Protein chains: 2
Amino acid sequence: MTSLQLLRSNISEKVPITDAEMELISKYFRTKSIKKKKDFNRIGEVCKDFAFVCKGFLRSYSIDEKGVEHISRIAFENYWIGDLYSFFTGEPSEYAIEAIEDSELFVISFYDLDRIYLEVPIMERFFRKLFVNAYVSTLHRLNSTVSEPVEVRYKNLLKSHPDLFQRMPLNYIASYLGMTPESVSRIRKKR
Amino acid sequence: MTSLQLLRSNISEKVPITDAEMELISKYFRTKSIKKKKDFNRIGEVCKDFAFVCKGFLRSYSIDEKGVEHISRIAFENYWIGDLYSFFTGEPSEYAIEAIEDSELFVISFYDLDRIYLEVPIMERFFRKLFVNAYVSTLHRLNSTVSEPVEVRYKNLLKSHPDLFQRMPLNYIASYLGMTPESVSRIRKKR
DNA sequence: CGGTCTCTTGACGGAGTTCAAAGCTAGTGG
DNA sequence: CCACTAGCTTTGAACTCCGTCAAGAGACCG
């Protein structure tokens, strides 16, 4: 499956899309490669592009007052990533986005996205659905963070995203789950 | 300001809207009154309507395995509320939505919302923006929950929403912040 | 290889929860 | 309009989960 086919299938999951529309859309996306450990976005910079992950694996994280990183999002192939707040408002981003593995992206700028909305109105619906999903899953994560002990959170993640554990170091998993690497290690020890 | 004017101004914050469009839109909204302590939505039921709060004050909460409530969202006048997951998928809701004060709502069903999109396409953009905002602020809350101690979280909420503290009992504030009422009481005691 | 990064393990401490009891407040009905 | 009750809030004491700190083992890469 080519990157474009992957993008198309991702869109088709939420809205119907024709060949002609895909043609129009694809003109506005640029490809971008990010090497492992390199940044797609830095803290303090405006997040100029919103990205679809064709290949690879990225994380988005913020840094608190004590200098500790907190991973807020993880994006595999077939996921979207970007700092939406910065992207839509033009304010400097509070999140860094970094490739965990060498990654291939389709990226789109704010202005080009606006043109897509004009030329292919159904895309407005697509992104609406995408953002609802992001909102719903984040609310779920928030809920589980305040109501479930570390062990339950770890096991639920393991159940829902076993693939994650093969590709991401333990300290990232800990950070994503809002706990320490030591806690993850101890949970893991008990079988 | 009438309820309809409030709705209009809420929409205008995000997208331009004409008199004619408002006319079309308003036909699809129904008014609904919810008395204090009464439910707008119950756990296990499909959330059939999405609501704009004209007057009053509601909370959305889930209940964990131990039977403890966790407030996931609070909506005043000029806010929107509903279980978006259930609303869009038709699955039973895991959240209850209850009026904290007597409330007046404008509600819209899933099907009528679809009609609005057809008749007033700009509304698709409106809701896209609404959901991006909801997503961004929830991510922010998640971040603060894992990185900041209870006292900081309490004070930040007090700073950003002082009005909340006049209208909502302390145990709800605690639940919304992901801590116990005792903790809130103790934080409050220190001046 | 040598050095850096990742992971494990142990001991300790503390932030925040749990449990319990009592004071306070507000709503209700007689 | 007052008395009563239920819910809200405070306070104290004990506990516990999980984070912190530290040290060492293993793994990976230049």
# chains A, B, ... in the order shown; residues from 1 in each chain; ligands from 1

$ interface_residues --of "chain C" --to "chain B" --cutoff "9 Å" --atoms "only C-alpha atoms (C1' of nucleotides)" --output "number ranges by chain"
C: 15-17

$ calpha_fit_and_write --fixed "chain B" --moving "chain A" --output "mmCIF file with C-alpha atoms, in the first residue's frame"
data_model
loop_
_atom_site.group_PDB
_atom_site.id
_atom_site.type_symbol
_atom_site.label_atom_id
_atom_site.label_comp_id
_atom_site.auth_asym_id
_atom_site.auth_seq_id
_atom_site.Cartn_x
_atom_site.Cartn_y
_atom_site.Cartn_z
ATOM 1 C CA MET A 1 -30.208 38.531 25.809
ATOM 2 C CA THR A 2 -32.587 35.804 24.663
ATOM 3 C CA SER A 3 -31.503 32.204 24.420
ATOM 4 C CA LEU A 4 -31.415 32.432 20.675
ATOM 5 C CA GLN A 5 -29.236 35.516 20.779
ATOM 6 C CA LEU A 6 -26.911 33.699 23.129
ATOM 7 C CA LEU A 7 -26.699 30.758 20.739
ATOM 8 C CA ARG A 8 -26.065 33.090 17.875
ATOM 9 C CA SER A 9 -23.282 34.904 19.636
ATOM 10 C CA ASN A 10 -21.752 31.575 20.581
ATOM 11 C CA ILE A 11 -21.712 30.505 16.956
ATOM 12 C CA SER A 12 -20.423 33.892 15.802
ATOM 13 C CA GLU A 13 -17.365 33.506 17.992
ATOM 14 C CA LYS A 14 -16.166 30.765 15.663
ATOM 15 C CA VAL A 15 -17.792 31.292 12.268
ATOM 16 C CA PRO A 16 -19.657 34.117 10.504
ATOM 17 C CA ILE A 17 -23.380 33.513 10.382
ATOM 18 C CA THR A 18 -26.200 35.343 8.608
ATOM 19 C CA ASP A 19 -29.767 36.041 9.745
ATOM 20 C CA ALA A 20 -31.089 33.627 7.157
ATOM 21 C CA GLU A 21 -28.778 30.888 8.341
ATOM 22 C CA MET A 22 -29.725 31.451 11.959
ATOM 23 C CA GLU A 23 -33.336 31.184 10.908
ATOM 24 C CA LEU A 24 -32.675 27.795 9.331
ATOM 25 C CA ILE A 25 -30.640 26.533 12.246
ATOM 26 C CA SER A 26 -33.055 27.586 14.941
ATOM 27 C CA LYS A 27 -35.819 25.483 13.451
ATOM 28 C CA TYR A 28 -33.914 22.345 14.387
ATOM 29 C CA PHE A 29 -33.163 23.184 17.966
ATOM 30 C CA ARG A 30 -35.703 22.285 20.624
ATOM 31 C CA THR A 31 -35.798 23.851 24.053
ATOM 32 C CA LYS A 32 -35.512 21.608 27.058
ATOM 33 C CA SER A 33 -35.706 22.369 30.773
ATOM 34 C CA ILE A 34 -33.890 20.265 33.298
ATOM 35 C CA LYS A 35 -34.606 20.765 36.969
ATOM 36 C CA LYS A 36 -31.826 20.709 39.517
ATOM 37 C CA LYS A 37 -30.589 17.147 40.210
ATOM 38 C CA LYS A 38 -32.506 15.804 37.225
ATOM 39 C CA ASP A 39 -30.779 13.994 34.386
ATOM 40 C CA PHE A 40 -30.268 15.129 30.851
ATOM 41 C CA ASN A 41 -28.692 11.765 30.106
ATOM 42 C CA ARG A 42 -28.390 8.505 32.033
ATOM 43 C CA ILE A 43 -25.614 5.941 32.029
ATOM 44 C CA GLY A 44 -26.520 3.082 29.711
ATOM 45 C CA GLU A 45 -28.833 5.168 27.549
ATOM 46 C CA VAL A 46 -27.918 6.485 24.147
ATOM 47 C CA CYS A 47 -27.224 10.209 24.268
ATOM 48 C CA LYS A 48 -29.776 11.287 21.680
ATOM 49 C CA ASP A 49 -29.253 15.025 21.933
ATOM 50 C CA PHE A 50 -26.388 17.423 21.989
ATOM 51 C CA ALA A 51 -27.096 20.509 24.055
ATOM 52 C CA PHE A 52 -26.298 24.180 24.244
ATOM 53 C CA VAL A 53 -26.727 25.614 27.728
ATOM 54 C CA CYS A 54 -28.798 28.821 27.653
ATOM 55 C CA LYS A 55 -29.157 29.051 31.383
ATOM 56 C CA GLY A 56 -28.086 27.018 34.367
ATOM 57 C CA PHE A 57 -25.324 24.609 34.964
ATOM 58 C CA LEU A 58 -24.698 20.894 34.338
ATOM 59 C CA ARG A 59 -22.124 18.237 35.003
ATOM 60 C CA SER A 60 -21.176 15.106 33.171
ATOM 61 C CA TYR A 61 -19.811 12.208 35.184
ATOM 62 C CA SER A 62 -18.987 8.529 34.994
ATOM 63 C CA ILE A 63 -19.011 5.944 37.764
ATOM 64 C CA ASP A 64 -16.045 3.636 38.293
ATOM 65 C CA GLU A 65 -16.042 -0.017 39.418
ATOM 66 C CA LYS A 66 -15.996 1.022 43.067
ATOM 67 C CA GLY A 67 -19.085 3.158 42.555
ATOM 68 C CA VAL A 68 -17.234 6.458 42.792
ATOM 69 C CA GLU A 69 -18.384 9.324 40.585
ATOM 70 C CA HIS A 70 -15.874 11.195 38.435
ATOM 71 C CA ILE A 71 -16.919 14.497 36.935
ATOM 72 C CA SER A 72 -15.538 14.744 33.447
ATOM 73 C CA ARG A 73 -17.101 17.983 32.347
ATOM 74 C CA ILE A 74 -18.903 21.033 33.572
ATOM 75 C CA ALA A 75 -21.059 23.262 31.395
ATOM 76 C CA PHE A 76 -22.358 26.742 32.196
ATOM 77 C CA GLU A 77 -24.404 29.122 30.127
ATOM 78 C CA ASN A 78 -22.851 29.471 26.691
ATOM 79 C CA TYR A 79 -21.263 26.013 26.789
ATOM 80 C CA TRP A 80 -22.145 22.819 24.959
ATOM 81 C CA ILE A 81 -22.634 19.456 26.560
ATOM 82 C CA GLY A 82 -23.460 15.896 25.599
ATOM 83 C CA ASP A 83 -21.743 12.540 25.391
ATOM 84 C CA LEU A 84 -20.182 12.914 21.974
ATOM 85 C CA TYR A 85 -19.145 9.302 21.718
ATOM 86 C CA SER A 86 -22.634 8.005 22.347
ATOM 87 C CA PHE A 87 -24.203 10.792 20.304
ATOM 88 C CA PHE A 88 -22.161 10.047 17.192
ATOM 89 C CA THR A 89 -21.939 6.267 17.432
ATOM 90 C CA GLY A 90 -25.354 5.451 18.892
ATOM 91 C CA GLU A 91 -23.670 3.310 21.565
ATOM 92 C CA PRO A 92 -25.003 3.454 25.143
ATOM 93 C CA SER A 93 -23.400 6.218 27.145
ATOM 94 C CA GLU A 94 -20.933 5.682 29.973
ATOM 95 C CA TYR A 95 -21.603 9.171 31.249
ATOM 96 C CA ALA A 96 -24.503 10.685 33.109
ATOM 97 C CA ILE A 97 -25.345 14.335 32.565
ATOM 98 C CA GLU A 98 -27.184 16.063 35.356
ATOM 99 C CA ALA A 99 -28.311 19.610 36.088
ATOM 100 C CA ILE A 100 -26.584 21.192 39.094
ATOM 101 C CA GLU A 101 -28.968 24.134 38.875
ATOM 102 C CA ASP A 102 -32.289 24.429 37.053
ATOM 103 C CA SER A 103 -31.226 24.668 33.429
ATOM 104 C CA GLU A 104 -32.545 25.744 30.070
ATOM 105 C CA LEU A 105 -31.094 24.025 27.019
ATOM 106 C CA PHE A 106 -31.254 24.138 23.270
ATOM 107 C CA VAL A 107 -30.932 20.576 22.114
ATOM 108 C CA ILE A 108 -30.418 19.002 18.734
ATOM 109 C CA SER A 109 -30.698 15.399 17.610
ATOM 110 C CA PHE A 110 -28.132 13.572 15.529
ATOM 111 C CA TYR A 111 -30.374 13.553 12.475
ATOM 112 C CA ASP A 112 -31.320 17.182 12.754
ATOM 113 C CA LEU A 113 -27.679 18.080 13.092
ATOM 114 C CA ASP A 114 -27.057 16.303 9.804
ATOM 115 C CA ARG A 115 -29.767 18.415 8.207
ATOM 116 C CA ILE A 116 -28.156 21.550 9.550
ATOM 117 C CA TYR A 117 -24.867 20.518 7.957
ATOM 118 C CA LEU A 118 -26.692 20.166 4.645
ATOM 119 C CA GLU A 119 -28.580 23.430 4.840
ATOM 120 C CA VAL A 120 -25.895 25.506 6.545
ATOM 121 C CA PRO A 121 -22.525 24.008 5.639
ATOM 122 C CA ILE A 122 -20.587 26.536 7.713
ATOM 123 C CA MET A 123 -21.924 24.749 10.792
ATOM 124 C CA GLU A 124 -19.692 21.832 9.995
ATOM 125 C CA ARG A 125 -16.815 24.216 10.515
ATOM 126 C CA PHE A 126 -18.345 25.548 13.682
ATOM 127 C CA PHE A 127 -18.536 22.129 15.259
ATOM 128 C CA ARG A 128 -15.096 21.218 14.036
ATOM 129 C CA LYS A 129 -13.726 24.212 15.918
ATOM 130 C CA LEU A 130 -15.828 23.455 18.955
ATOM 131 C CA PHE A 131 -14.466 19.917 19.124
ATOM 132 C CA VAL A 132 -10.877 21.014 18.617
ATOM 133 C CA ASN A 133 -11.273 23.329 21.597
ATOM 134 C CA ALA A 134 -12.780 20.560 23.692
ATOM 135 C CA TYR A 135 -9.916 18.274 22.741
ATOM 136 C CA VAL A 136 -7.230 20.850 23.474
ATOM 137 C CA SER A 137 -8.609 21.756 26.862
ATOM 138 C CA THR A 138 -9.032 18.123 27.873
ATOM 139 C CA LEU A 139 -5.453 17.375 26.882
ATOM 140 C CA HIS A 140 -4.419 20.293 29.035
ATOM 141 C CA ARG A 141 -6.372 18.939 31.970
ATOM 142 C CA LEU A 142 -4.838 15.503 31.508
ATOM 143 C CA ASN A 143 -1.402 17.062 31.489
ATOM 144 C CA SER A 144 -2.021 19.029 34.624
ATOM 145 C CA THR A 145 -3.468 15.970 36.374
ATOM 146 C CA VAL A 146 -0.315 13.927 35.880
ATOM 147 C CA SER A 147 2.224 16.710 36.351
ATOM 148 C CA GLU A 148 0.881 19.024 39.029
ATOM 149 C CA PRO A 149 0.216 18.412 42.725
ATOM 150 C CA VAL A 150 -3.340 18.834 43.988
ATOM 151 C CA GLU A 151 -2.721 22.309 45.363
ATOM 152 C CA VAL A 152 -1.535 23.735 42.063
ATOM 153 C CA ARG A 153 -4.465 22.203 40.215
ATOM 154 C CA TYR A 154 -6.909 23.684 42.685
ATOM 155 C CA LYS A 155 -5.398 27.139 42.469
ATOM 156 C CA ASN A 156 -5.260 27.152 38.708
ATOM 157 C CA LEU A 157 -8.918 26.270 38.525
ATOM 158 C CA LEU A 158 -9.733 28.951 41.052
ATOM 159 C CA LYS A 159 -7.858 31.463 38.927
ATOM 160 C CA SER A 160 -9.393 30.444 35.617
ATOM 161 C CA HIS A 161 -12.950 29.809 36.825
ATOM 162 C CA PRO A 162 -13.627 31.701 40.044
ATOM 163 C CA ASP A 163 -17.365 31.667 39.236
ATOM 164 C CA LEU A 164 -17.368 27.888 39.517
ATOM 165 C CA PHE A 165 -16.614 28.034 43.215
ATOM 166 C CA GLN A 166 -19.722 30.050 43.978
ATOM 167 C CA ARG A 167 -22.050 27.679 42.251
ATOM 168 C CA MET A 168 -20.675 24.221 42.718
ATOM 169 C CA PRO A 169 -20.314 22.225 45.953
ATOM 170 C CA LEU A 170 -16.815 21.394 47.049
ATOM 171 C CA ASN A 171 -17.119 17.678 46.486
ATOM 172 C CA TYR A 172 -17.926 18.305 42.819
ATOM 173 C CA ILE A 173 -14.929 20.560 42.470
ATOM 174 C CA ALA A 174 -12.803 17.832 44.029
ATOM 175 C CA SER A 175 -14.167 15.237 41.662
ATOM 176 C CA TYR A 176 -13.622 17.461 38.647
ATOM 177 C CA LEU A 177 -10.035 18.021 39.740
ATOM 178 C CA GLY A 178 -9.477 14.324 40.354
ATOM 179 C CA MET A 179 -8.946 14.557 44.093
ATOM 180 C CA THR A 180 -10.906 14.024 47.328
ATOM 181 C CA PRO A 181 -13.155 16.601 49.034
ATOM 182 C CA GLU A 182 -10.864 16.358 52.072
ATOM 183 C CA SER A 183 -7.910 17.479 49.993
ATOM 184 C CA VAL A 184 -9.816 20.457 48.659
ATOM 185 C CA SER A 185 -10.917 21.400 52.132
ATOM 186 C CA ARG A 186 -7.340 21.273 53.404
ATOM 187 C CA ILE A 187 -5.978 23.316 50.541
ATOM 188 C CA ARG A 188 -8.679 25.868 51.097
ATOM 189 C CA LYS A 189 -7.853 26.168 54.783
ATOM 190 C CA LYS A 190 -4.397 27.490 54.053
ATOM 191 C CA ARG A 191 -5.777 30.918 53.184
#

$ select_by_dssp --residues "stretch 42-190 of chain B" --states "strand (DSSP E)" --output "ChimeraX atom specification"
/B:49-63,69-76,80-81,96-109

$ write_last_selection --atoms "C-alpha atoms" --output "PDB file, in the first residue's frame"
ATOM      1  CA  ASP B  49     -29.245  15.025  21.942  1.00  0.00           C
ATOM      2  CA  PHE B  50     -26.379  17.429  22.007  1.00  0.00           C
ATOM      3  CA  ALA B  51     -27.098  20.508  24.055  1.00  0.00           C
ATOM      4  CA  PHE B  52     -26.293  24.192  24.246  1.00  0.00           C
ATOM      5  CA  VAL B  53     -26.712  25.608  27.729  1.00  0.00           C
ATOM      6  CA  CYS B  54     -28.780  28.813  27.648  1.00  0.00           C
ATOM      7  CA  LYS B  55     -29.158  29.050  31.385  1.00  0.00           C
ATOM      8  CA  GLY B  56     -28.064  27.013  34.361  1.00  0.00           C
ATOM      9  CA  PHE B  57     -25.311  24.609  34.951  1.00  0.00           C
ATOM     10  CA  LEU B  58     -24.691  20.900  34.347  1.00  0.00           C
ATOM     11  CA  ARG B  59     -22.119  18.242  35.004  1.00  0.00           C
ATOM     12  CA  SER B  60     -21.178  15.095  33.162  1.00  0.00           C
ATOM     13  CA  TYR B  61     -19.802  12.204  35.183  1.00  0.00           C
ATOM     14  CA  SER B  62     -18.984   8.527  34.991  1.00  0.00           C
ATOM     15  CA  ILE B  63     -19.018   5.944  37.764  1.00  0.00           C
ATOM     16  CA  GLU B  69     -18.379   9.335  40.576  1.00  0.00           C
ATOM     17  CA  HIS B  70     -15.859  11.194  38.429  1.00  0.00           C
ATOM     18  CA  ILE B  71     -16.909  14.499  36.937  1.00  0.00           C
ATOM     19  CA  SER B  72     -15.529  14.744  33.443  1.00  0.00           C
ATOM     20  CA  ARG B  73     -17.088  17.967  32.345  1.00  0.00           C
ATOM     21  CA  ILE B  74     -18.894  21.037  33.568  1.00  0.00           C
ATOM     22  CA  ALA B  75     -21.045  23.257  31.387  1.00  0.00           C
ATOM     23  CA  PHE B  76     -22.351  26.727  32.179  1.00  0.00           C
ATOM     24  CA  TRP B  80     -22.144  22.818  24.952  1.00  0.00           C
ATOM     25  CA  ILE B  81     -22.630  19.456  26.572  1.00  0.00           C
ATOM     26  CA  ALA B  96     -24.497  10.692  33.114  1.00  0.00           C
ATOM     27  CA  ILE B  97     -25.340  14.337  32.569  1.00  0.00           C
ATOM     28  CA  GLU B  98     -27.171  16.070  35.367  1.00  0.00           C
ATOM     29  CA  ALA B  99     -28.302  19.613  36.098  1.00  0.00           C
ATOM     30  CA  ILE B 100     -26.572  21.176  39.090  1.00  0.00           C
ATOM     31  CA  GLU B 101     -28.968  24.131  38.873  1.00  0.00           C
ATOM     32  CA  ASP B 102     -32.297  24.450  37.066  1.00  0.00           C
ATOM     33  CA  SER B 103     -31.212  24.678  33.443  1.00  0.00           C
ATOM     34  CA  GLU B 104     -32.538  25.744  30.064  1.00  0.00           C
ATOM     35  CA  LEU B 105     -31.093  24.030  27.028  1.00  0.00           C
ATOM     36  CA  PHE B 106     -31.252  24.154  23.273  1.00  0.00           C
ATOM     37  CA  VAL B 107     -30.944  20.574  22.120  1.00  0.00           C
ATOM     38  CA  ILE B 108     -30.422  19.007  18.737  1.00  0.00           C
ATOM     39  CA  SER B 109     -30.709  15.399  17.627  1.00  0.00           C
TER      40      SER B 109
END

$ atom_distance --atom1 "atom C1' of C:DG10" --atom2 "atom C1' of D:DA13"
28.9 Å

$ select_by_dssp --residues "stretch 59-176 of chain B" --states "alpha helix (DSSP H)" --output "ChimeraX atom specification"
/B:84-89,110-119,122-147,150-160,164-167,170-176

$ interface_residues --of "chain D" --to "chain B" --cutoff "12 Å" --atoms "only C-alpha atoms (C1' of nucleotides)" --output "PDB file with N, CA and C atoms (P, O5', C5', C4', C3', O3' and C1' of nucleotides), in the first residue's frame"
ATOM      1  P    DG D   7     -29.072  12.654  51.367  1.00  0.00           P
ATOM      2  O5'  DG D   7     -28.089  13.833  50.979  1.00  0.00           O
ATOM      3  C5'  DG D   7     -28.617  15.062  50.489  1.00  0.00           C
ATOM      4  C4'  DG D   7     -27.622  16.160  50.770  1.00  0.00           C
ATOM      5  C3'  DG D   7     -26.201  15.853  50.286  1.00  0.00           C
ATOM      6  O3'  DG D   7     -25.727  17.005  49.618  1.00  0.00           O
ATOM      7  C1'  DG D   7     -26.152  16.538  52.529  1.00  0.00           C
ATOM      8  P    DC D   8     -24.434  16.959  48.746  1.00  0.00           P
ATOM      9  O5'  DC D   8     -23.518  18.025  49.490  1.00  0.00           O
ATOM     10  C5'  DC D   8     -24.020  19.336  49.723  1.00  0.00           C
ATOM     11  C4'  DC D   8     -23.136  20.005  50.740  1.00  0.00           C
ATOM     12  C3'  DC D   8     -21.635  19.974  50.413  1.00  0.00           C
ATOM     13  O3'  DC D   8     -21.169  21.311  50.418  1.00  0.00           O
ATOM     14  C1'  DC D   8     -22.019  19.341  52.654  1.00  0.00           C
ATOM     15  P    DT D   9     -19.691  21.684  49.997  1.00  0.00           P
ATOM     16  O5'  DT D   9     -18.941  21.604  51.393  1.00  0.00           O
ATOM     17  C5'  DT D   9     -19.188  22.613  52.373  1.00  0.00           C
ATOM     18  C4'  DT D   9     -18.375  22.334  53.602  1.00  0.00           C
ATOM     19  C3'  DT D   9     -16.865  22.159  53.377  1.00  0.00           C
ATOM     20  O3'  DT D   9     -16.220  23.273  53.979  1.00  0.00           O
ATOM     21  C1'  DT D   9     -17.735  20.561  54.915  1.00  0.00           C
ATOM     22  P    DT D  10     -14.660  23.423  54.032  1.00  0.00           P
ATOM     23  O5'  DT D  10     -14.331  22.793  55.456  1.00  0.00           O
ATOM     24  C5'  DT D  10     -14.953  23.335  56.624  1.00  0.00           C
ATOM     25  C4'  DT D  10     -14.525  22.546  57.833  1.00  0.00           C
ATOM     26  C3'  DT D  10     -13.010  22.381  58.013  1.00  0.00           C
ATOM     27  O3'  DT D  10     -12.679  22.876  59.306  1.00  0.00           O
ATOM     28  C1'  DT D  10     -14.119  20.303  58.258  1.00  0.00           C
ATOM     29  P    DT D  11     -11.225  23.306  59.681  1.00  0.00           P
ATOM     30  O5'  DT D  11     -10.710  22.034  60.488  1.00  0.00           O
ATOM     31  C5'  DT D  11     -11.536  21.498  61.517  1.00  0.00           C
ATOM     32  C4'  DT D  11     -11.054  20.124  61.890  1.00  0.00           C
ATOM     33  C3'  DT D  11      -9.544  19.895  61.801  1.00  0.00           C
ATOM     34  O3'  DT D  11      -9.052  19.803  63.123  1.00  0.00           O
ATOM     35  C1'  DT D  11     -10.791  18.026  61.019  1.00  0.00           C
ATOM     36  P    DG D  12      -7.534  19.639  63.526  1.00  0.00           P
ATOM     37  O5'  DG D  12      -7.427  18.056  63.691  1.00  0.00           O
ATOM     38  C5'  DG D  12      -8.322  17.402  64.578  1.00  0.00           C
ATOM     39  C4'  DG D  12      -8.064  15.912  64.559  1.00  0.00           C
ATOM     40  C3'  DG D  12      -6.591  15.512  64.466  1.00  0.00           C
ATOM     41  O3'  DG D  12      -6.334  14.529  65.465  1.00  0.00           O
ATOM     42  C1'  DG D  12      -7.836  14.417  62.787  1.00  0.00           C
TER      43       DG D  12
END

$ atom_distance --atom1 "atom C1' of C:DC1" --atom2 "atom C1' of D:DA27"
13.8 Å

$ atom_distance --atom1 "atom C1' of C:DA22" --atom2 "atom C1' of D:DC17"
28.5 Å

$ residues_around --residues "D:DT20" --least-positions-apart "3" --cutoff "10 Å" --atoms "only C-alpha atoms (C1' of nucleotides)" --output "PyMOL selection string"
(chain A and resi 180) or (chain C and resi 12-14)

$ residues_around --residues "C:DT18" --least-positions-apart "4" --cutoff "10 Å" --atoms "only C-alpha atoms (C1' of nucleotides)" --output "list in words"
Thr180 of chain B; DA14, DC15 and DT16 of chain D

$ write_last_selection --atoms "C-alpha atoms (C1' of nucleotides)" --output "PDB file, in the first residue's frame"
ATOM      1  CA  THR B 180     -10.911  13.995  47.335  1.00  0.00           C
TER       2      THR B 180
ATOM      3  C1'  DA D  14      -3.679   6.191  60.197  1.00  0.00           C
ATOM      4  C1'  DC D  15      -2.323   4.199  56.178  1.00  0.00           C
ATOM      5  C1'  DT D  16      -0.782   3.211  51.448  1.00  0.00           C
TER       6       DT D  16
END
